[in-house]
Amino acid sequence: MRSSWEVTGNHYLAFPCVSRTDGGIHCLNVLHRGALGLLEWSGARAPEPGTTEPLLAPEVRVDGRRAVPAELSWERIDHWIPRFHAVLEGDLDLKGTLFAPGGGRDLVAGAVYRLEVGNRGRVEREVEVALGGTWRWSLRHVMTARAIDGLNRVATARESPALILELPGALSPAALVILAGHDDARCAVAAGEGEWSEPARGAEAEFTAANGEPLRIRIARTIRVPAGRRVSVDFYLAAAVERDGALARAATLRRAGAESLLRATRLNLAQMARRAREPALGTLLNRNLIFNAFFSVGRALDDDRLYPVVSRSPLCPECAVFRERDALLWSLPALLLADETLAREVLLRAYEQFSHHPGAAAHYIDGGVVSPAFALDQYCAYVLALDGYVRATGDETILDEPIVGEVLRDLDDWLVDRLHPEILLAATELLPSGDPALHPYVTYDNVLVWAFCDALDRVWRGAQDPRFARNAEPVAAAIWRYCTAEVDGLRVLAWSTDLEGAAAIYDDPHGSLMLLPHLGFCDVEDPIWANTAELLHSARYPLRLSGRRYPGQASRVRPDEPSLAALCFELLGPRRDEALDVLRRLTLDGDVASTTYDADTGATASGPHHAAIAGLLAWTLQQATGW
């Protein structure tokens, strides 16, 4: 495993930055509809493993002295639950497991951090086990991060040993509780560099600090570890829109018990995972499949409804917005592998929440538009995703949902507004990557229009025939007539055209011409497509990084970094084996997908922890291998 951070979570709580150095949680977040994105508790504005202070980290004292574990050794249980092992002083060792119950009746806005001390010696030892750290920042993430105005507040609880961390801001309230598993635990708080205060049991106390100023926190329990035994100390974390709800949720988890919750969590993960014949690729597939299932969607803290997003990791740029391409074309096929029920809910949520402005570059999670610039591939995604869902599951009942019929009628009507007045091709403002289109008529996007028309007749349940249901062949004819160009005496597919003689030779990594045979638009033996594929993989195409140790296709914006999405698309075509070879050798951060990778080292280059591309990676890998 190669990683700076471990990452875990469920559909309520996300832990994107768990340090492999000390097991510290450097930040955690929740989705919040009222905040239009993520709300985050963080120890540092920009966490760095081993250099910035954690929000919460394991602490151990033996016989009153601080015991610093030796180097932590990590494993991942069921591809998702991080666990470390470390030697303490003498014959003592420490094991830590962080997990968030993720399914069925055990799905709560909470998690458990279990710390176990083992004694291999011959005498009983007294050990204090704690979670402690520094809370400095309350952050809000939409496309970028910003600090929340107001005072951070830490309170202790009257009924139980718990610390309550309340975010500032009346418009988007949130509270996080850390509750000890036993009532003999002690809580301590210090504002800034002030003295520690340890309120008496049953006493309520509050401490405040301006956002960005430190609030040091600690919750500890002293245990006796007999010779040859292990003793566990459990800490329950829970969140709600205010402290009473957070305390109640933490108490619910404590009553269930860490052992029971861990069993339920592992059962849920086992139901998601896919069997694989090749261990290395199977691990990569399942790691990204589960990461996508929990980080491409989340339930909002304030309304409990499901929201698809680009990623719940703030390390990923533009993380907490909805884009049809990411949710419906990349994430949804992987969700169908992991959990068909979840996939159905996501698809219906997209129709219900975001379809009133289809094709907008980005939406807030409440459905409002962040950027109204139009992307044709995203417009088509609603019909393509619905058709794909029905074909994968056989569940045609979704076609009888009123919202589905309503949206299909609107999409069928509104597409006319994007058509050329005389030629059956549609215009776009943005490429699939989000970059501005040099010419309005993009070949790949119009192939999706062809697929849109082809699928419409299969998913339509209206009394009147849709106007575009029988237009697939005319759209294909227009593409072959107007979207080709001659390069070095060979006819190839142009990337885009203005229909007035100008054309561009390009291939956008987030919507590649290499997908056309997979989409059913043409065969791999088609001479024009074959010429195009040969050109785009040759030295004549400057964005094909063929001579590098980790080859791939780059974009105009990042010309020296291969796109992981483009590598995934290669898995669906005749260069599958070459793509598999590159995938086996990549060293992605956390073993989860990123936007690009380094062509010389194979490490994550930009856009780490991209949940939608993780879904694309998992699904295309499954398609390529047949597992």
# chains A, B, ... in the order shown; residues from 1 in each chain; ligands from 1
call {"tool": "residues_around", "arguments": {"residues": "stretch 536-548 of chain A", "least_positions_apart": "3", "cutoff": "12 Å", "atoms": "only C-alpha atoms", "output": "ChimeraX atom specification"}}
result
/A:487-488,492-495,505-509,512-514,529-533,551-563,566-567,570,575,578-579,582,597-602
call {"tool": "residues_around", "arguments": {"residues": "A:Leu151", "least_positions_apart": "6", "cutoff": "8 Å", "atoms": "only C-alpha atoms", "output": "list in words"}}
result
Leu167, Pro168, Thr208, Ala209, Ala210 and Asn211 of chain A
call {"tool": "residues_around", "arguments": {"residues": "stretch 427-434 of chain A", "least_positions_apart": "3", "cutoff": "6 Å", "atoms": "only C-alpha atoms", "output": "PyMOL selection string"}}
result
chain A and resi 374-376+418+437+440-441+510-511
call {"tool": "select_by_dssp", "arguments": {"residues": "stretch 258-433 of chain A", "states": "helix (DSSP H, G or I)", "output": "number ranges by chain"}}
result
A: 258-272, 279-295, 324-338, 340-354, 376-393, 396-400, 402-418
call {"tool": "residues_around", "arguments": {"residues": "stretch 521-523 of chain A", "least_positions_apart": "4", "cutoff": "8 Å", "atoms": "only C-alpha atoms", "output": "list in words"}}
result
Val447, Ala451, Ala476, Leu516, Pro517 and Trp529 of chain A
call {"tool": "select_by_dssp", "arguments": {"residues": "stretch 384-597 of chain A", "states": "strand (DSSP E or B)", "output": "list in words"}}
result
Leu419, Ala426, Leu430, Pro436, Tyr441, Val442, Thr484, Ala485, Glu486, Val487, Leu490, Arg491, Val492, Leu493, Ser496, Thr497, Ala503, Ala504, Arg544, Leu545, Gly552, Gln553, Ser563, Thr587, Thr596 and Tyr597 of chain A
call {"tool": "write_last_selection", "arguments": {"atoms": "C-alpha atoms", "output": "compact mmCIF listing (two decimals), in the first residue's frame"}}
result
# COMPACT_ATOMS: atom_id res chain seq x y z
CA LEU A 419 -29.51 21.85 -32.54
CA ALA A 426 -26.09 19.76 -31.22
CA LEU A 430 -17.94 23.05 -22.51
CA PRO A 436 -14.28 25.71 -23.11
CA TYR A 441 -20.08 20.95 -32.45
CA VAL A 442 -18.06 18.30 -30.61
CA THR A 484 -14.26 14.15 -40.02
CA ALA A 485 -11.07 15.67 -41.39
CA GLU A 486 -8.06 14.63 -43.45
CA VAL A 487 -4.66 14.29 -41.72
CA LEU A 490 -6.02 9.75 -44.05
CA ARG A 491 -9.62 10.42 -43.06
CA VAL A 492 -10.03 10.69 -39.26
CA LEU A 493 -12.67 11.83 -36.81
CA SER A 496 -14.88 19.38 -33.00
CA THR A 497 -16.05 21.60 -35.85
CA ALA A 503 -12.05 21.58 -37.21
CA ALA A 504 -9.80 20.52 -34.36
CA ARG A 544 0.05 11.17 -26.08
CA LEU A 545 2.85 10.55 -23.56
CA GLY A 552 -1.15 7.84 -21.11
CA GLN A 553 -3.15 10.66 -22.61
CA SER A 563 -5.43 11.40 -17.28
CA THR A 587 1.10 4.20 -6.85
CA THR A 596 -4.05 12.65 -13.22
CA TYR A 597 -0.93 10.62 -12.43
call {"tool": "closest_atom_pairs", "arguments": {"of": "stretch 152-260 of chain A", "to": "stretch 62-73 of chain A", "cutoff": "12 Å", "atoms": "only C-alpha atoms", "output": "JSON lines"}}
result
{"residue": "A:Thr222", "atom": "CA", "partner": "A:Val62", "partner_atom": "CA", "distance": 9.6}
{"residue": "A:Ile223", "atom": "CA", "partner": "A:Val62", "partner_atom": "CA", "distance": 10.1}
{"residue": "A:Arg224", "atom": "CA", "partner": "A:Val62", "partner_atom": "CA", "distance": 10.2}
{"residue": "A:Val225", "atom": "CA", "partner": "A:Val62", "partner_atom": "CA", "distance": 10.7}
call {"tool": "write_last_selection", "arguments": {"atoms": "N, CA, C and O atoms", "output": "short mmCIF file (atom, residue, chain, number, x, y, z; two decimals), in the first residue's frame"}}
result
data_model
loop_
_atom_site.label_atom_id
_atom_site.label_comp_id
_atom_site.auth_asym_id
_atom_site.auth_seq_id
_atom_site.Cartn_x
_atom_site.Cartn_y
_atom_site.Cartn_z
N THR A 222 -8.19 5.29 32.10
CA THR A 222 -7.11 4.48 32.67
C THR A 222 -7.58 3.05 32.81
O THR A 222 -8.66 2.78 33.35
N ILE A 223 -6.76 2.12 32.31
CA ILE A 223 -7.11 0.70 32.36
C ILE A 223 -5.95 -0.09 32.96
O ILE A 223 -4.82 0.38 33.01
N ARG A 224 -6.26 -1.27 33.42
CA ARG A 224 -5.23 -2.20 33.87
C ARG A 224 -5.23 -3.38 32.90
O ARG A 224 -6.26 -3.96 32.60
N VAL A 225 -4.02 -3.66 32.38
CA VAL A 225 -3.88 -4.70 31.35
C VAL A 225 -3.15 -5.88 31.98
O VAL A 225 -1.95 -5.82 32.24
#
call {"tool": "residues_around", "arguments": {"residues": "stretch 301-316 of chain A", "least_positions_apart": "5", "cutoff": "9 Å", "atoms": "only C-alpha atoms", "output": "ChimeraX atom specification"}}
result
/A:7,11-12,14-17,29-34,37-38,109,141,144-145,172-174,239-241,292,294-296,321-323,326-327,331,345-346,349-350,353,365-366,594-595,606-613
call {"tool": "residues_around", "arguments": {"residues": "A:Thr265", "least_positions_apart": "3", "cutoff": "8 Å", "atoms": "only C-alpha atoms", "output": "ChimeraX atom specification"}}
result
/A:99-103,261-262,268-269
call {"tool": "write_last_selection", "arguments": {"atoms": "C-alpha atoms", "output": "PDB file, in the first residue's frame"}}
result
ATOM      1  CA  PHE A  99     -14.582   2.320  11.325  1.00  0.00           C
ATOM      2  CA  ALA A 100     -17.934   3.891  10.487  1.00  0.00           C
ATOM      3  CA  PRO A 101     -20.985   1.579  10.415  1.00  0.00           C
ATOM      4  CA  GLY A 102     -22.220   1.813   6.887  1.00  0.00           C
ATOM      5  CA  GLY A 103     -25.432  -0.009   6.108  1.00  0.00           C
ATOM      6  CA  LEU A 261     -20.935  -2.540  14.988  1.00  0.00           C
ATOM      7  CA  LEU A 262     -17.691  -3.854  13.518  1.00  0.00           C
ATOM      8  CA  ASN A 268     -21.938  -4.572   4.613  1.00  0.00           C
ATOM      9  CA  LEU A 269     -18.484  -4.240   3.024  1.00  0.00           C
TER      10      LEU A 269
END
call {"tool": "residues_around", "arguments": {"residues": "A:Trp80", "least_positions_apart": "4", "cutoff": "9 Å", "atoms": "only C-alpha atoms", "output": "list in words"}}
result
Val7, Thr8, Gly9, Arg76, Phe99, Leu269, Asn286, Arg287, Ile290 and Phe291 of chain A
call {"tool": "write_last_selection", "arguments": {"atoms": "N, CA and C atoms", "output": "mmCIF file, in the first residue's frame"}}
result
data_model
loop_
_atom_site.group_PDB
_atom_site.id
_atom_site.type_symbol
_atom_site.label_atom_id
_atom_site.label_comp_id
_atom_site.auth_asym_id
_atom_site.auth_seq_id
_atom_site.Cartn_x
_atom_site.Cartn_y
_atom_site.Cartn_z
ATOM 1 N N VAL A 7 -8.117 6.683 4.449
ATOM 2 C CA VAL A 7 -9.426 7.314 4.276
ATOM 3 C C VAL A 7 -10.493 6.271 4.563
ATOM 4 N N THR A 8 -11.555 6.698 5.251
ATOM 5 C CA THR A 8 -12.672 5.808 5.546
ATOM 6 C C THR A 8 -13.901 6.665 5.827
ATOM 7 N N GLY A 9 -15.018 6.023 6.134
ATOM 8 C CA GLY A 9 -16.234 6.761 6.447
ATOM 9 C C GLY A 9 -17.464 5.976 6.072
ATOM 10 N N ARG A 76 -5.651 -2.832 5.836
ATOM 11 C CA ARG A 76 -7.024 -2.401 5.572
ATOM 12 C C ARG A 76 -7.932 -3.615 5.635
ATOM 13 N N PHE A 99 -13.566 2.783 12.267
ATOM 14 C CA PHE A 99 -14.582 2.320 11.325
ATOM 15 C C PHE A 99 -15.887 3.071 11.552
ATOM 16 N N LEU A 269 -19.597 -4.365 3.969
ATOM 17 C CA LEU A 269 -18.484 -4.240 3.024
ATOM 18 C C LEU A 269 -18.319 -5.516 2.199
ATOM 19 N N ASN A 286 -11.727 -3.253 -5.745
ATOM 20 C CA ASN A 286 -12.597 -3.168 -4.572
ATOM 21 C C ASN A 286 -12.339 -1.909 -3.742
ATOM 22 N N ARG A 287 -11.086 -1.515 -3.647
ATOM 23 C CA ARG A 287 -10.780 -0.281 -2.913
ATOM 24 C C ARG A 287 -11.502 0.910 -3.538
ATOM 25 N N ILE A 290 -15.527 0.646 -3.264
ATOM 26 C CA ILE A 290 -16.072 1.027 -1.964
ATOM 27 C C ILE A 290 -15.856 2.511 -1.702
ATOM 28 N N PHE A 291 -14.693 3.044 -2.098
ATOM 29 C CA PHE A 291 -14.469 4.477 -1.947
ATOM 30 C C PHE A 291 -15.532 5.269 -2.707
#
call {"tool": "closest_residue", "arguments": {"among": "A:Leu267, A:Leu499, A:Ala300, A:Ala170", "to": "A:Ala320", "atoms": "only C-alpha atoms"}}
result
A:Ala300
call {"tool": "closest_residue", "arguments": {"among": "A:Phe84, A:Gly368, A:Arg325, A:Arg458", "to": "A:Leu616", "atoms": "only C-alpha atoms"}}
result
A:Arg325
call {"tool": "atom_distance", "arguments": {"atom1": "atom CA of A:Leu328", "atom2": "atom CA of A:Tyr382"}}
result
7.0 Å
call {"tool": "atom_distance", "arguments": {"atom1": "atom CA of A:Leu425", "atom2": "atom CA of A:Leu535"}}
result
24.5 Å
